[in-house]
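Here is the structure we will look at, set down as C-alpha coordinates.
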Number of protein chains: 2
Amino acid sequence: MNSSPRRGRRAGSPDVRAQILAVARERFRREGYEAVTMRSLAADAGVDAALISYYFGSKRGLFAAVLELALNPADVLASLLEGELESLPQRAIRVLVAGWDRPEIGLPLLTAVRAAAADPELATLIRGGLQREMVDRLADRLSGADARHRAGAFVGQLGGLVFTRYLLAVEPLASMTVDEIVRALGPALRTTLFGPVGGHARRPDADGGCPAVRR
Amino acid sequence: MNSSPRRGRRAGSPDVRAQILAVARERFRREGYEAVTMRSLAADAGVDAALISYYFGSKRGLFAAVLELALNPADVLASLLEGELESLPQRAIRVLVAGWDRPEIGLPLLTAVRAAAADPELATLIRGGLQREMVDRLADRLSGADARHRAGAFVGQLGGLVFTRYLLAVEPLASMTVDEIVRALGPALRTTLFGPVGGHARRPDADGGCPAVRR
DNA sequence: ACGGTTGTTCAACCGTGATGAATTCTTCGC
DNA sequence: GCGAAGAATTCATCACGGTTGAACAACCGT
(Lines give C-alpha, C1' and ligand atoms only; values in the text may rest on other atoms or scores of the structure.)
Protein backbone atom coordinates (compact mmCIF):
# COMPACT_ATOMS: atom_id res chain seq x y z
CA MET A 1 0.00 0.00 0.00
CA ASN A 2 1.70 3.09 -1.18
CA SER A 3 0.86 5.80 1.27
CA SER A 4 1.68 8.24 -1.50
CA PRO A 5 0.14 11.45 -0.33
CA ARG A 6 -0.80 12.85 -3.72
CA ARG A 7 -1.50 16.06 -1.98
CA GLY A 8 -0.25 19.44 -2.86
CA ARG A 9 0.03 21.35 -6.03
CA ARG A 10 -0.09 19.46 -9.29
CA ALA A 11 2.67 19.88 -11.80
CA GLY A 12 2.34 21.71 -15.06
CA SER A 13 -0.42 24.15 -15.76
CA PRO A 14 -3.67 22.26 -15.83
CA ASP A 15 -6.35 24.90 -16.12
CA VAL A 16 -8.60 23.47 -13.46
CA ARG A 17 -10.71 26.55 -13.20
CA ALA A 18 -11.76 26.38 -16.83
CA GLN A 19 -12.31 22.65 -16.48
CA ILE A 20 -14.71 23.15 -13.60
CA LEU A 21 -16.47 25.91 -15.47
CA ALA A 22 -16.97 23.75 -18.55
CA VAL A 23 -18.37 20.79 -16.65
CA ALA A 24 -20.55 23.02 -14.50
CA ARG A 25 -21.98 24.78 -17.50
CA GLU A 26 -23.05 21.52 -19.00
CA ARG A 27 -24.47 19.92 -15.88
CA PHE A 28 -26.28 23.01 -14.65
CA ARG A 29 -28.19 23.35 -17.85
CA ARG A 30 -29.07 19.66 -17.97
CA GLU A 31 -30.01 19.11 -14.35
CA GLY A 32 -30.75 22.51 -12.91
CA TYR A 33 -29.14 24.26 -9.99
CA GLU A 34 -30.06 22.25 -6.94
CA ALA A 35 -29.74 18.84 -8.54
CA VAL A 36 -26.08 19.39 -9.24
CA THR A 37 -24.08 18.75 -6.09
CA MET A 38 -20.60 20.10 -5.62
CA ARG A 39 -19.15 16.67 -4.92
CA SER A 40 -20.61 15.01 -7.95
CA LEU A 41 -19.57 17.89 -10.10
CA ALA A 42 -16.06 17.79 -8.69
CA ALA A 43 -15.86 14.06 -9.31
CA ASP A 44 -17.16 14.64 -12.80
CA ALA A 45 -14.44 17.15 -13.48
CA GLY A 46 -11.79 15.00 -11.85
CA VAL A 47 -11.17 17.56 -9.18
CA ASP A 48 -11.46 17.89 -5.43
CA ALA A 49 -14.70 19.46 -4.25
CA ALA A 50 -12.92 22.05 -2.19
CA LEU A 51 -11.44 23.52 -5.34
CA ILE A 52 -14.83 24.85 -6.31
CA SER A 53 -15.00 26.90 -3.17
CA TYR A 54 -11.39 27.86 -3.69
CA TYR A 55 -11.94 29.25 -7.16
CA PHE A 56 -15.51 30.48 -7.04
CA GLY A 57 -16.11 31.10 -3.36
CA SER A 58 -19.31 29.15 -3.24
CA LYS A 59 -21.66 27.09 -5.31
CA ARG A 60 -23.63 30.18 -6.12
CA GLY A 61 -20.47 31.93 -7.19
CA LEU A 62 -19.79 29.12 -9.61
CA PHE A 63 -23.31 29.39 -10.96
CA ALA A 64 -22.98 33.12 -11.38
CA ALA A 65 -19.74 32.60 -13.28
CA VAL A 66 -21.48 30.13 -15.56
CA LEU A 67 -24.32 32.56 -16.05
CA GLU A 68 -22.12 35.38 -17.20
CA LEU A 69 -20.85 33.16 -19.96
CA ALA A 70 -24.15 31.72 -21.08
CA LEU A 71 -26.31 34.75 -20.57
CA ASN A 72 -25.12 36.97 -23.34
CA PRO A 73 -28.05 37.67 -25.59
CA ALA A 74 -27.07 41.30 -25.85
CA ASP A 75 -26.27 40.95 -29.53
CA VAL A 76 -29.60 39.30 -30.22
CA LEU A 77 -31.37 42.19 -28.59
CA ALA A 78 -29.30 44.69 -30.48
CA SER A 79 -30.17 43.17 -33.83
CA LEU A 80 -33.82 43.11 -32.85
CA LEU A 81 -33.84 46.79 -32.11
CA GLU A 82 -31.95 47.64 -35.26
CA GLY A 83 -34.87 46.60 -37.42
CA GLU A 84 -37.89 48.78 -38.03
CA LEU A 85 -39.89 49.45 -34.91
CA GLU A 86 -43.09 48.73 -36.77
CA SER A 87 -42.46 45.00 -36.93
CA LEU A 88 -40.73 44.66 -33.56
CA PRO A 89 -43.65 42.92 -31.81
CA GLN A 90 -43.79 39.92 -34.05
CA ARG A 91 -40.04 39.76 -34.52
CA ALA A 92 -39.54 39.81 -30.77
CA ILE A 93 -42.00 36.97 -30.27
CA ARG A 94 -40.49 34.90 -33.06
CA VAL A 95 -36.93 35.36 -31.86
CA LEU A 96 -37.84 34.69 -28.25
CA VAL A 97 -39.85 31.57 -28.97
CA ALA A 98 -37.36 30.27 -31.49
CA GLY A 99 -34.59 30.63 -28.95
CA TRP A 100 -36.35 29.21 -25.94
CA ASP A 101 -37.74 26.32 -27.91
CA ARG A 102 -34.25 25.10 -28.73
CA PRO A 103 -33.07 23.08 -25.74
CA GLU A 104 -29.43 24.09 -26.04
CA ILE A 105 -30.51 27.69 -25.62
CA GLY A 106 -33.73 27.39 -23.67
CA LEU A 107 -32.53 25.00 -20.98
CA PRO A 108 -29.72 27.15 -19.61
CA LEU A 109 -31.95 30.18 -19.68
CA LEU A 110 -34.67 28.28 -17.88
CA THR A 111 -32.18 27.08 -15.31
CA ALA A 112 -31.06 30.65 -14.81
CA VAL A 113 -34.59 31.93 -14.32
CA ARG A 114 -35.43 29.07 -11.98
CA ALA A 115 -32.41 29.77 -9.85
CA ALA A 116 -33.14 33.49 -9.87
CA ALA A 117 -36.63 32.77 -8.61
CA ALA A 118 -35.22 31.11 -5.52
CA ASP A 119 -32.14 33.24 -4.94
CA PRO A 120 -32.48 37.01 -4.54
CA GLU A 121 -28.89 37.71 -5.48
CA LEU A 122 -29.20 35.87 -8.74
CA ALA A 123 -32.49 37.66 -9.33
CA THR A 124 -30.60 40.92 -9.09
CA LEU A 125 -28.31 39.72 -11.84
CA ILE A 126 -31.18 38.87 -14.19
CA ARG A 127 -33.09 42.01 -13.28
CA GLY A 128 -30.13 44.20 -14.06
CA GLY A 129 -29.64 42.55 -17.41
CA LEU A 130 -33.29 42.91 -18.35
CA GLN A 131 -33.35 46.55 -17.44
CA ARG A 132 -30.12 47.48 -19.11
CA GLU A 133 -30.33 45.38 -22.25
CA MET A 134 -34.05 45.47 -22.89
CA VAL A 135 -36.08 48.13 -21.12
CA ASP A 136 -33.60 50.97 -21.42
CA ARG A 137 -32.65 50.24 -25.00
CA LEU A 138 -36.23 49.93 -26.10
CA ALA A 139 -37.24 53.06 -24.25
CA ASP A 140 -34.53 54.95 -26.12
CA ARG A 141 -36.16 54.08 -29.41
CA LEU A 142 -39.65 55.07 -28.31
CA SER A 143 -41.00 58.59 -28.07
CA GLY A 144 -43.47 60.22 -25.75
CA ALA A 145 -43.49 60.98 -22.08
CA ASP A 146 -44.42 57.43 -21.07
CA ALA A 147 -41.89 55.76 -23.34
CA ARG A 148 -40.25 54.01 -20.44
CA HIS A 149 -43.56 52.80 -19.10
CA ARG A 150 -44.50 51.34 -22.44
CA ALA A 151 -41.10 49.71 -22.77
CA GLY A 152 -41.56 48.20 -19.34
CA ALA A 153 -44.97 46.88 -20.25
CA PHE A 154 -43.57 45.42 -23.45
CA VAL A 155 -40.83 43.58 -21.61
CA GLY A 156 -43.34 42.51 -19.01
CA GLN A 157 -45.48 40.88 -21.64
CA LEU A 158 -42.53 39.03 -23.11
CA GLY A 159 -41.63 37.99 -19.59
CA GLY A 160 -45.14 36.66 -19.26
CA LEU A 161 -44.52 34.45 -22.25
CA VAL A 162 -41.41 33.04 -20.64
CA PHE A 163 -43.12 32.64 -17.29
CA THR A 164 -46.29 31.04 -18.58
CA ARG A 165 -45.05 28.95 -21.47
CA TYR A 166 -41.65 27.83 -20.28
CA LEU A 167 -41.48 28.12 -16.51
CA LEU A 168 -44.98 26.95 -15.63
CA ALA A 169 -46.01 25.45 -18.97
CA VAL A 170 -49.60 26.55 -18.66
CA GLU A 171 -51.89 25.44 -21.45
CA PRO A 172 -52.71 26.45 -24.06
CA LEU A 173 -49.68 28.72 -24.33
CA ALA A 174 -47.29 25.86 -23.73
CA SER A 175 -48.46 23.97 -26.80
CA MET A 176 -49.19 26.77 -29.22
CA THR A 177 -47.10 27.20 -32.34
CA VAL A 178 -45.10 30.31 -33.02
CA ASP A 179 -47.67 31.51 -35.51
CA GLU A 180 -50.50 31.02 -33.08
CA ILE A 181 -48.63 32.96 -30.44
CA VAL A 182 -47.90 35.77 -32.83
CA ARG A 183 -51.55 35.90 -33.75
CA ALA A 184 -52.73 35.89 -30.14
CA LEU A 185 -50.09 38.13 -28.61
CA GLY A 186 -48.78 40.23 -31.47
CA PRO A 187 -51.60 42.77 -31.58
CA ALA A 188 -51.33 43.30 -27.85
CA LEU A 189 -47.61 44.00 -28.03
CA ARG A 190 -48.24 46.31 -30.92
CA THR A 191 -50.86 48.13 -28.91
CA THR A 192 -48.42 48.48 -26.06
CA LEU A 193 -45.84 50.14 -28.27
CA PHE A 194 -48.02 52.31 -30.46
CA GLY A 195 -51.35 52.77 -28.72
CA PRO A 196 -54.77 51.20 -29.18
CA VAL A 197 -55.60 52.27 -32.71
CA GLY A 198 -52.66 51.03 -34.66
CA GLY A 199 -51.23 54.39 -35.65
CA HIS A 200 -48.19 55.96 -34.10
CA ALA A 201 -49.38 59.17 -32.63
CA ARG A 202 -52.34 58.46 -30.44
CA ARG A 203 -51.61 58.03 -26.79
CA PRO A 204 -53.86 55.86 -24.66
CA ASP A 205 -56.18 57.87 -22.50
CA ALA A 206 -56.34 57.78 -18.79
CA ASP A 207 -58.60 54.79 -18.45
CA GLY A 208 -56.35 52.59 -20.52
CA GLY A 209 -58.73 52.37 -23.40
CA CYS A 210 -61.39 50.77 -21.27
CA PRO A 211 -64.75 52.19 -20.29
CA ALA A 212 -65.08 53.42 -16.76
CA VAL A 213 -65.93 50.89 -14.12
CA ARG A 214 -67.49 51.61 -10.77
CA ARG A 215 -65.47 50.52 -7.83
CA MET B 1 -64.27 -4.47 5.73
CA ASN B 2 -63.73 -3.05 9.13
CA SER B 3 -66.75 -0.88 9.81
CA SER B 4 -64.92 1.13 12.46
CA PRO B 5 -62.47 3.49 10.83
CA ARG B 6 -62.00 5.46 14.04
CA ARG B 7 -59.71 3.29 16.01
CA GLY B 8 -56.52 3.77 17.84
CA ARG B 9 -55.29 6.60 19.88
CA ARG B 10 -57.38 9.71 20.14
CA ALA B 11 -55.10 12.67 20.08
CA GLY B 12 -54.11 13.57 23.59
CA SER B 13 -52.89 17.01 22.67
CA PRO B 14 -55.37 19.05 20.70
CA ASP B 15 -54.95 18.55 16.99
CA VAL B 16 -51.24 18.69 16.36
CA ARG B 17 -51.74 18.52 12.61
CA ALA B 18 -53.63 21.80 12.54
CA GLN B 19 -51.05 23.33 14.83
CA ILE B 20 -48.23 22.44 12.46
CA LEU B 21 -50.23 23.72 9.53
CA ALA B 22 -50.90 27.04 11.19
CA VAL B 23 -47.30 27.66 12.16
CA ALA B 24 -46.05 26.50 8.78
CA ARG B 25 -48.43 28.78 6.95
CA GLU B 26 -47.14 31.76 8.84
CA ARG B 27 -43.45 30.98 8.60
CA PHE B 28 -43.48 29.95 4.97
CA ARG B 29 -44.99 33.22 3.90
CA ARG B 30 -42.61 35.25 6.03
CA GLU B 31 -39.38 33.45 5.28
CA GLY B 32 -39.96 31.52 2.10
CA TYR B 33 -39.68 27.82 1.49
CA GLU B 34 -36.03 27.00 1.90
CA ALA B 35 -35.36 29.27 4.83
CA VAL B 36 -37.85 27.41 7.00
CA THR B 37 -36.26 24.27 8.38
CA MET B 38 -38.31 21.39 9.64
CA ARG B 39 -36.58 21.35 12.98
CA SER B 40 -37.04 25.02 13.64
CA LEU B 41 -40.62 24.83 12.54
CA ALA B 42 -41.22 21.84 14.77
CA ALA B 43 -39.65 23.61 17.70
CA ASP B 44 -41.76 26.65 16.92
CA ALA B 45 -44.91 24.58 16.99
CA GLY B 46 -43.81 22.73 20.13
CA VAL B 47 -43.72 19.45 18.27
CA ASP B 48 -41.22 16.81 17.30
CA ALA B 49 -39.76 17.20 13.82
CA ALA B 50 -40.63 13.67 12.84
CA LEU B 51 -44.30 14.49 13.21
CA ILE B 52 -44.14 16.63 10.11
CA SER B 53 -43.03 13.71 8.04
CA TYR B 54 -45.61 11.59 9.80
CA TYR B 55 -48.52 13.83 8.92
CA PHE B 56 -47.46 15.33 5.63
CA GLY B 57 -45.00 12.83 4.23
CA SER B 58 -42.33 15.38 3.53
CA LYS B 59 -41.52 19.03 3.75
CA ARG B 60 -42.89 19.49 0.28
CA GLY B 61 -46.07 17.75 1.30
CA LEU B 62 -46.46 20.19 4.13
CA PHE B 63 -45.92 23.07 1.78
CA ALA B 64 -48.45 21.70 -0.65
CA ALA B 65 -50.96 21.39 2.18
CA VAL B 66 -50.33 24.98 3.13
CA LEU B 67 -50.74 26.02 -0.48
CA GLU B 68 -54.13 24.45 -0.87
CA LEU B 69 -55.33 26.56 2.01
CA ALA B 70 -53.74 29.83 1.03
CA LEU B 71 -54.12 29.51 -2.69
CA ASN B 72 -57.83 29.83 -3.02
CA PRO B 73 -58.49 32.82 -5.18
CA ALA B 74 -61.24 30.96 -6.98
CA ASP B 75 -63.87 33.28 -5.59
CA VAL B 76 -61.90 36.35 -6.60
CA LEU B 77 -61.68 35.03 -10.12
CA ALA B 78 -65.33 34.19 -10.18
CA SER B 79 -66.35 37.69 -9.18
CA LEU B 80 -64.01 39.09 -11.81
CA LEU B 81 -65.63 37.07 -14.55
CA GLU B 82 -69.12 37.88 -13.37
CA GLY B 83 -68.72 41.52 -14.33
CA GLU B 84 -69.02 42.79 -17.85
CA LEU B 85 -66.37 41.45 -20.16
CA GLU B 86 -65.80 44.90 -21.59
CA SER B 87 -64.05 46.16 -18.49
CA LEU B 88 -62.31 42.91 -17.55
CA PRO B 89 -58.82 44.05 -18.57
CA GLN B 90 -58.56 46.94 -16.21
CA ARG B 91 -60.47 45.20 -13.46
CA ALA B 92 -58.13 42.23 -13.69
CA ILE B 93 -55.08 44.45 -13.45
CA ARG B 94 -56.48 46.38 -10.52
CA VAL B 95 -57.49 43.30 -8.58
CA LEU B 96 -54.23 41.53 -9.28
CA VAL B 97 -52.03 44.47 -8.33
CA ALA B 98 -54.13 45.35 -5.31
CA GLY B 99 -53.82 41.80 -4.04
CA TRP B 100 -50.15 41.24 -4.71
CA ASP B 101 -49.23 44.63 -3.31
CA ARG B 102 -50.64 43.70 0.08
CA PRO B 103 -47.95 41.73 1.87
CA GLU B 104 -50.35 39.43 3.69
CA ILE B 105 -51.64 38.29 0.32
CA GLY B 106 -48.70 38.88 -1.98
CA LEU B 107 -46.01 37.25 0.15
CA PRO B 108 -47.56 33.80 0.36
CA LEU B 109 -48.35 33.90 -3.33
CA LEU B 110 -44.82 34.95 -4.11
CA THR B 111 -43.47 32.18 -1.94
CA ALA B 112 -45.67 29.73 -3.79
CA VAL B 113 -44.50 30.90 -7.19
CA ARG B 114 -40.88 30.88 -6.07
CA ALA B 115 -41.16 27.33 -4.82
CA ALA B 116 -42.99 26.27 -7.96
CA ALA B 117 -40.18 27.68 -10.05
CA ALA B 118 -37.72 25.38 -8.36
CA ASP B 119 -39.88 22.31 -7.87
CA PRO B 120 -41.62 20.69 -10.86
CA GLU B 121 -44.25 18.98 -8.74
CA LEU B 122 -45.31 22.22 -7.15
CA ALA B 123 -45.29 23.80 -10.59
CA THR B 124 -47.82 21.23 -11.64
CA LEU B 125 -50.05 22.34 -8.80
CA ILE B 126 -49.90 25.99 -9.80
CA ARG B 127 -50.23 25.18 -13.47
CA GLY B 128 -53.35 23.12 -12.89
CA GLY B 129 -54.92 25.89 -10.85
CA LEU B 130 -54.14 28.51 -13.46
CA GLN B 131 -55.61 26.43 -16.24
CA ARG B 132 -58.72 25.38 -14.42
CA GLU B 133 -59.56 28.58 -12.59
CA MET B 134 -58.41 31.14 -15.10
CA VAL B 135 -57.82 29.97 -18.66
CA ASP B 136 -60.77 27.62 -18.93
CA ARG B 137 -63.24 29.92 -17.22
CA LEU B 138 -62.21 32.89 -19.29
CA ALA B 139 -62.32 30.87 -22.49
CA ASP B 140 -65.89 29.88 -21.68
CA ARG B 141 -66.91 33.51 -21.69
CA LEU B 142 -65.19 34.33 -24.96
CA SER B 143 -66.46 33.51 -28.41
CA GLY B 144 -64.73 32.62 -31.63
CA ALA B 145 -62.61 29.72 -32.75
CA ASP B 146 -59.48 30.97 -31.02
CA ALA B 147 -61.19 31.80 -27.74
CA ARG B 148 -58.92 29.51 -25.82
CA HIS B 149 -55.83 30.94 -27.43
CA ARG B 150 -56.87 34.45 -26.54
CA ALA B 151 -57.66 33.39 -22.99
CA GLY B 152 -54.23 31.82 -22.76
CA ALA B 153 -52.57 34.96 -24.01
CA PHE B 154 -54.54 37.03 -21.54
CA VAL B 155 -53.44 34.89 -18.63
CA GLY B 156 -49.92 34.93 -19.98
CA GLN B 157 -49.89 38.70 -19.93
CA LEU B 158 -51.12 38.80 -16.36
CA GLY B 159 -48.49 36.22 -15.54
CA GLY B 160 -45.94 38.55 -17.04
CA LEU B 161 -47.00 41.21 -14.61
CA VAL B 162 -46.45 38.83 -11.70
CA PHE B 163 -43.16 37.62 -13.10
CA THR B 164 -41.72 40.99 -13.95
CA ARG B 165 -43.09 43.18 -11.20
CA TYR B 166 -43.10 40.84 -8.24
CA LEU B 167 -40.76 37.95 -8.89
CA LEU B 168 -37.92 39.81 -10.60
CA ALA B 169 -38.91 43.38 -9.73
CA VAL B 170 -37.74 44.79 -13.03
CA GLU B 171 -38.01 48.52 -13.39
CA PRO B 172 -40.01 50.44 -14.29
CA LEU B 173 -42.85 47.96 -13.77
CA ALA B 174 -41.85 47.31 -10.19
CA SER B 175 -42.35 50.93 -9.17
CA MET B 176 -45.31 51.94 -11.30
CA THR B 177 -48.62 52.80 -9.69
CA VAL B 178 -51.77 50.87 -10.42
CA ASP B 179 -53.03 53.62 -12.66
CA GLU B 180 -49.84 53.73 -14.63
CA ILE B 181 -49.95 50.00 -15.12
CA VAL B 182 -53.55 50.14 -16.25
CA ARG B 183 -52.62 52.83 -18.72
CA ALA B 184 -49.61 50.98 -20.07
CA LEU B 185 -51.01 47.45 -20.06
CA GLY B 186 -54.77 47.87 -20.26
CA PRO B 187 -55.02 48.52 -23.98
CA ALA B 188 -52.87 45.50 -24.69
CA LEU B 189 -55.05 43.22 -22.60
CA ARG B 190 -58.09 44.67 -24.26
CA THR B 191 -56.58 44.00 -27.66
CA THR B 192 -55.91 40.43 -26.65
CA LEU B 193 -59.53 39.87 -25.73
CA PHE B 194 -61.32 41.79 -28.44
CA GLY B 195 -58.91 42.28 -31.31
CA PRO B 196 -56.77 45.20 -32.47
CA VAL B 197 -59.38 47.83 -33.21
CA GLY B 198 -61.29 48.03 -29.99
CA GLY B 199 -64.61 46.66 -31.21
CA HIS B 200 -65.84 43.18 -30.57
CA ALA B 201 -66.20 41.58 -33.94
CA ARG B 202 -62.95 41.95 -35.78
CA ARG B 203 -60.55 39.08 -35.47
CA PRO B 204 -56.83 39.65 -35.83
CA ASP B 205 -55.52 38.60 -39.18
CA ALA B 206 -52.87 36.04 -39.78
CA ASP B 207 -49.88 38.25 -39.27
CA GLY B 208 -51.04 39.38 -35.90
CA GLY B 209 -51.78 42.90 -37.00
CA CYS B 210 -48.20 43.48 -37.97
CA PRO B 211 -46.79 44.09 -41.41
CA ALA B 212 -44.99 41.22 -43.02
CA VAL B 213 -41.35 40.75 -42.22
CA ARG B 214 -38.82 38.85 -44.29
CA ARG B 215 -37.14 36.00 -42.50
C1' DA C 1 -57.62 -8.00 29.92
C1' DC C 2 -56.09 -8.11 25.35
C1' DG C 3 -54.45 -7.17 20.57
C1' DG C 4 -54.37 -3.95 17.23
C1' DT C 5 -54.13 0.91 15.79
C1' DT C 6 -52.63 5.44 16.08
C1' DG C 7 -49.82 9.29 17.97
C1' DT C 8 -45.23 10.67 19.77
C1' DT C 9 -40.42 10.54 20.89
C1' DC C 10 -35.58 9.67 20.25
C1' DA C 11 -31.56 8.49 17.94
C1' DA C 12 -29.47 7.81 14.21
C1' DC C 13 -28.44 8.00 8.83
C1' DC C 14 -26.79 10.01 4.89
C1' DG C 15 -25.91 13.88 1.95
C1' DT C 16 -25.35 18.90 1.59
C1' DG C 17 -22.08 23.15 1.25
C1' DA C 18 -18.29 25.02 3.52
C1' DT C 19 -13.63 25.57 6.17
C1' DG C 20 -8.89 25.12 7.83
C1' DA C 21 -4.68 22.78 8.34
C1' DA C 22 -1.28 20.17 5.93
C1' DT C 23 1.19 19.31 1.84
C1' DT C 24 3.30 20.06 -2.68
C1' DC C 25 4.51 22.81 -6.56
C1' DT C 26 5.79 27.46 -8.91
C1' DT C 27 7.88 31.75 -8.87
C1' DC C 28 10.81 35.29 -7.89
C1' DG C 29 14.44 38.09 -5.24
C1' DC C 30 18.94 37.68 -4.49
C1' DG D 1 21.38 28.27 -7.82
C1' DC D 2 18.69 28.89 -3.50
C1' DG D 3 15.46 29.62 -0.31
C1' DA D 4 11.43 31.96 1.00
C1' DA D 5 6.65 33.56 -0.41
C1' DG D 6 2.70 32.28 -2.27
C1' DA D 7 -0.45 29.58 -5.17
C1' DA D 8 -2.71 25.13 -5.91
C1' DT D 9 -4.40 20.73 -4.16
C1' DT D 10 -5.94 17.20 -0.78
C1' DC D 11 -8.02 15.52 3.48
C1' DA D 12 -10.53 15.57 7.53
C1' DT D 13 -14.04 17.61 9.59
C1' DC D 14 -17.91 20.76 10.72
C1' DA D 15 -22.78 22.13 11.14
C1' DC D 16 -26.89 21.45 9.30
C1' DG D 17 -30.58 19.64 6.10
C1' DG D 18 -34.56 16.17 5.49
C1' DT D 19 -35.83 11.63 6.40
C1' DT D 20 -36.36 6.95 8.68
C1' DG D 21 -37.08 3.20 11.86
C1' DA D 22 -37.42 1.35 16.30
C1' DA D 23 -39.35 1.89 20.58
C1' DC D 24 -42.99 3.55 23.63
C1' DA D 25 -47.53 5.56 25.12
C1' DA D 26 -52.28 6.31 24.63
C1' DC D 27 -56.45 4.79 22.93
C1' DC D 28 -59.99 1.74 20.69
C1' DG D 29 -63.14 -2.27 20.02
C1' DT D 30 -63.98 -6.71 21.59
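Ligands are numbered from 1 in the order shown, chains are lettered A, B, ... in the order of the C-alpha coordinates, and residues start at 1 in each chain.
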**Report entry** DC13 of chain C environment, 12 Å, only C-alpha atoms (C1' of nucleotides), sequence neighbours closer than 2 positions dropped, as a PyMOL selection string
**Finding:** (chain C and resi 11+15) or (chain D and resi 18-21)
Query raised in the report: Can you list every residue in segment 14-176 of chain B that DSSP puts in alpha helix (DSSP H), as a ChimeraX atom specification?
Result: /B:16-31,38-45,50-56,59-70,74-82,88-101,103-118,120-129,137-141,147-161
Requested in this report: Find the distance between atom CA of Thr124 of chain B and atom CA of Gly159 of chain A and write it in Å to one decimal.
Outcome: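 Rounded to one decimal, the two atoms are 19.6 Å apart.
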Report task. Taking only C-alpha atoms (C1' of nucleotides) into account, report as a count of residues only which residues of chain D lie within 6 Å of chain B. Result -> 3
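Least-squares superposition of chain A onto chain B, taking every C-alpha atom paired in order, leaves an RMSD of 6.0 Å.
Counting from atom CA of Ala169 of chain B, the distance to atom CA of Leu189 of chain A is 20.3 Å.
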Query raised in the report: Can you list, as a ChimeraX atom specification, every protein, DNA or RNA residue that comes within 12 Å of DA23 of chain D when you count only C-alpha atoms (C1' of nucleotides), leaving out same-chain residues fewer than 4 positions away?
Result: /C:8-11
Dump as JSON lines the rows for residues of chain C within 8 Å of chain A: closest atom pair and distance in Å with one decimal, only C-alpha atoms (C1' of nucleotides) counted, ordered by chain and rising residue number.
```
{"residue": "C:DT16", "atom": "C1'", "partner": "A:Thr37", "partner_atom": "CA", "distance": 7.8}
{"residue": "C:DG17", "atom": "C1'", "partner": "A:Met38", "partner_atom": "CA", "distance": 7.7}
{"residue": "C:DA18", "atom": "C1'", "partner": "A:Ser53", "partner_atom": "CA", "distance": 7.7}
{"residue": "C:DT23", "atom": "C1'", "partner": "A:Gly8", "partner_atom": "CA", "distance": 4.9}
{"residue": "C:DT24", "atom": "C1'", "partner": "A:Gly8", "partner_atom": "CA", "distance": 3.6}
{"residue": "C:DC25", "atom": "C1'", "partner": "A:Arg9", "partner_atom": "CA", "distance": 4.7}
```
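Take the candidates B:Gly46, B:Gly195, B:Pro108, B:Gly61 and check each one against chain A using only C-alpha atoms; the shortest distance goes to B:Gly195.
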Mind dumping a table of every chain A residue within 7 Å of chain B, with the nearest atom pair and its distance in Å to one decimal, using only C-alpha atoms, sorted by chain and rising number, as a tab-separated table?
```
residue	atom	partner	partner_atom	distance
A:Ser87	CA	B:Cys210	CA	6.0
A:Gln90	CA	B:Cys210	CA	6.9
A:Arg114	CA	B:Ala117	CA	5.3
A:Ala117	CA	B:Arg114	CA	5.3
A:Ala118	CA	B:Arg114	CA	5.7
A:Ala123	CA	B:Leu168	CA	6.0
A:Arg127	CA	B:Val170	CA	5.4
A:Gln131	CA	B:Val170	CA	6.5
A:His149	CA	B:Ala184	CA	6.4
A:Arg150	CA	B:Ala184	CA	5.7
A:Gly152	CA	B:Leu173	CA	5.7
A:Ala153	CA	B:Leu185	CA	6.1
A:Gly156	CA	B:Gly160	CA	5.1
A:Gln157	CA	B:Gly160	CA	5.2
A:Leu158	CA	B:Gly160	CA	7.0
A:Gly159	CA	B:Gly160	CA	5.0
A:Gly160	CA	B:Gly160	CA	3.0
A:Leu161	CA	B:Gly156	CA	5.9
A:Phe163	CA	B:Phe163	CA	6.5
A:Thr164	CA	B:Gly156	CA	5.5
A:Leu167	CA	B:Ala117	CA	6.6
A:Leu168	CA	B:Arg127	CA	5.9
A:Ala169	CA	B:Arg127	CA	6.9
A:Val170	CA	B:Arg127	CA	5.4
A:Glu171	CA	B:Gln131	CA	6.5
A:Pro172	CA	B:Gly152	CA	5.7
A:Leu173	CA	B:Gly152	CA	5.7
A:Val182	CA	B:Gly208	CA	5.7
A:Arg183	CA	B:Gly208	CA	4.1
A:Ala184	CA	B:Arg150	CA	5.7
A:Leu185	CA	B:Ala153	CA	6.1
A:Gly186	CA	B:Gly208	CA	5.0
A:Pro187	CA	B:Gly209	CA	5.4
A:Ala188	CA	B:Ala188	CA	4.1
A:Leu189	CA	B:Ala188	CA	6.4
A:Thr191	CA	B:Ala188	CA	5.4
A:Thr192	CA	B:Ala188	CA	5.5
A:Pro196	CA	B:Pro187	CA	5.9
A:Val197	CA	B:Val197	CA	5.9
A:Pro204	CA	B:Arg183	CA	6.8
A:Ala206	CA	B:Arg183	CA	6.2
A:Asp207	CA	B:Arg183	CA	6.3
A:Gly208	CA	B:Arg183	CA	4.1
A:Gly209	CA	B:Pro187	CA	5.4
A:Cys210	CA	B:Ser87	CA	6.0
A:Pro211	CA	B:Ser87	CA	6.3
A:Val213	CA	B:Ser87	CA	6.7
```
Query raised in the report: Just how far from atom CA of Ala112 of chain B is atom CA of Arg17 of chain B, in Å to one decimal?
Result: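 Straight-line distance from atom CA of Arg17 of chain B to atom CA of Ala112 of chain B works out to 20.8 Å.
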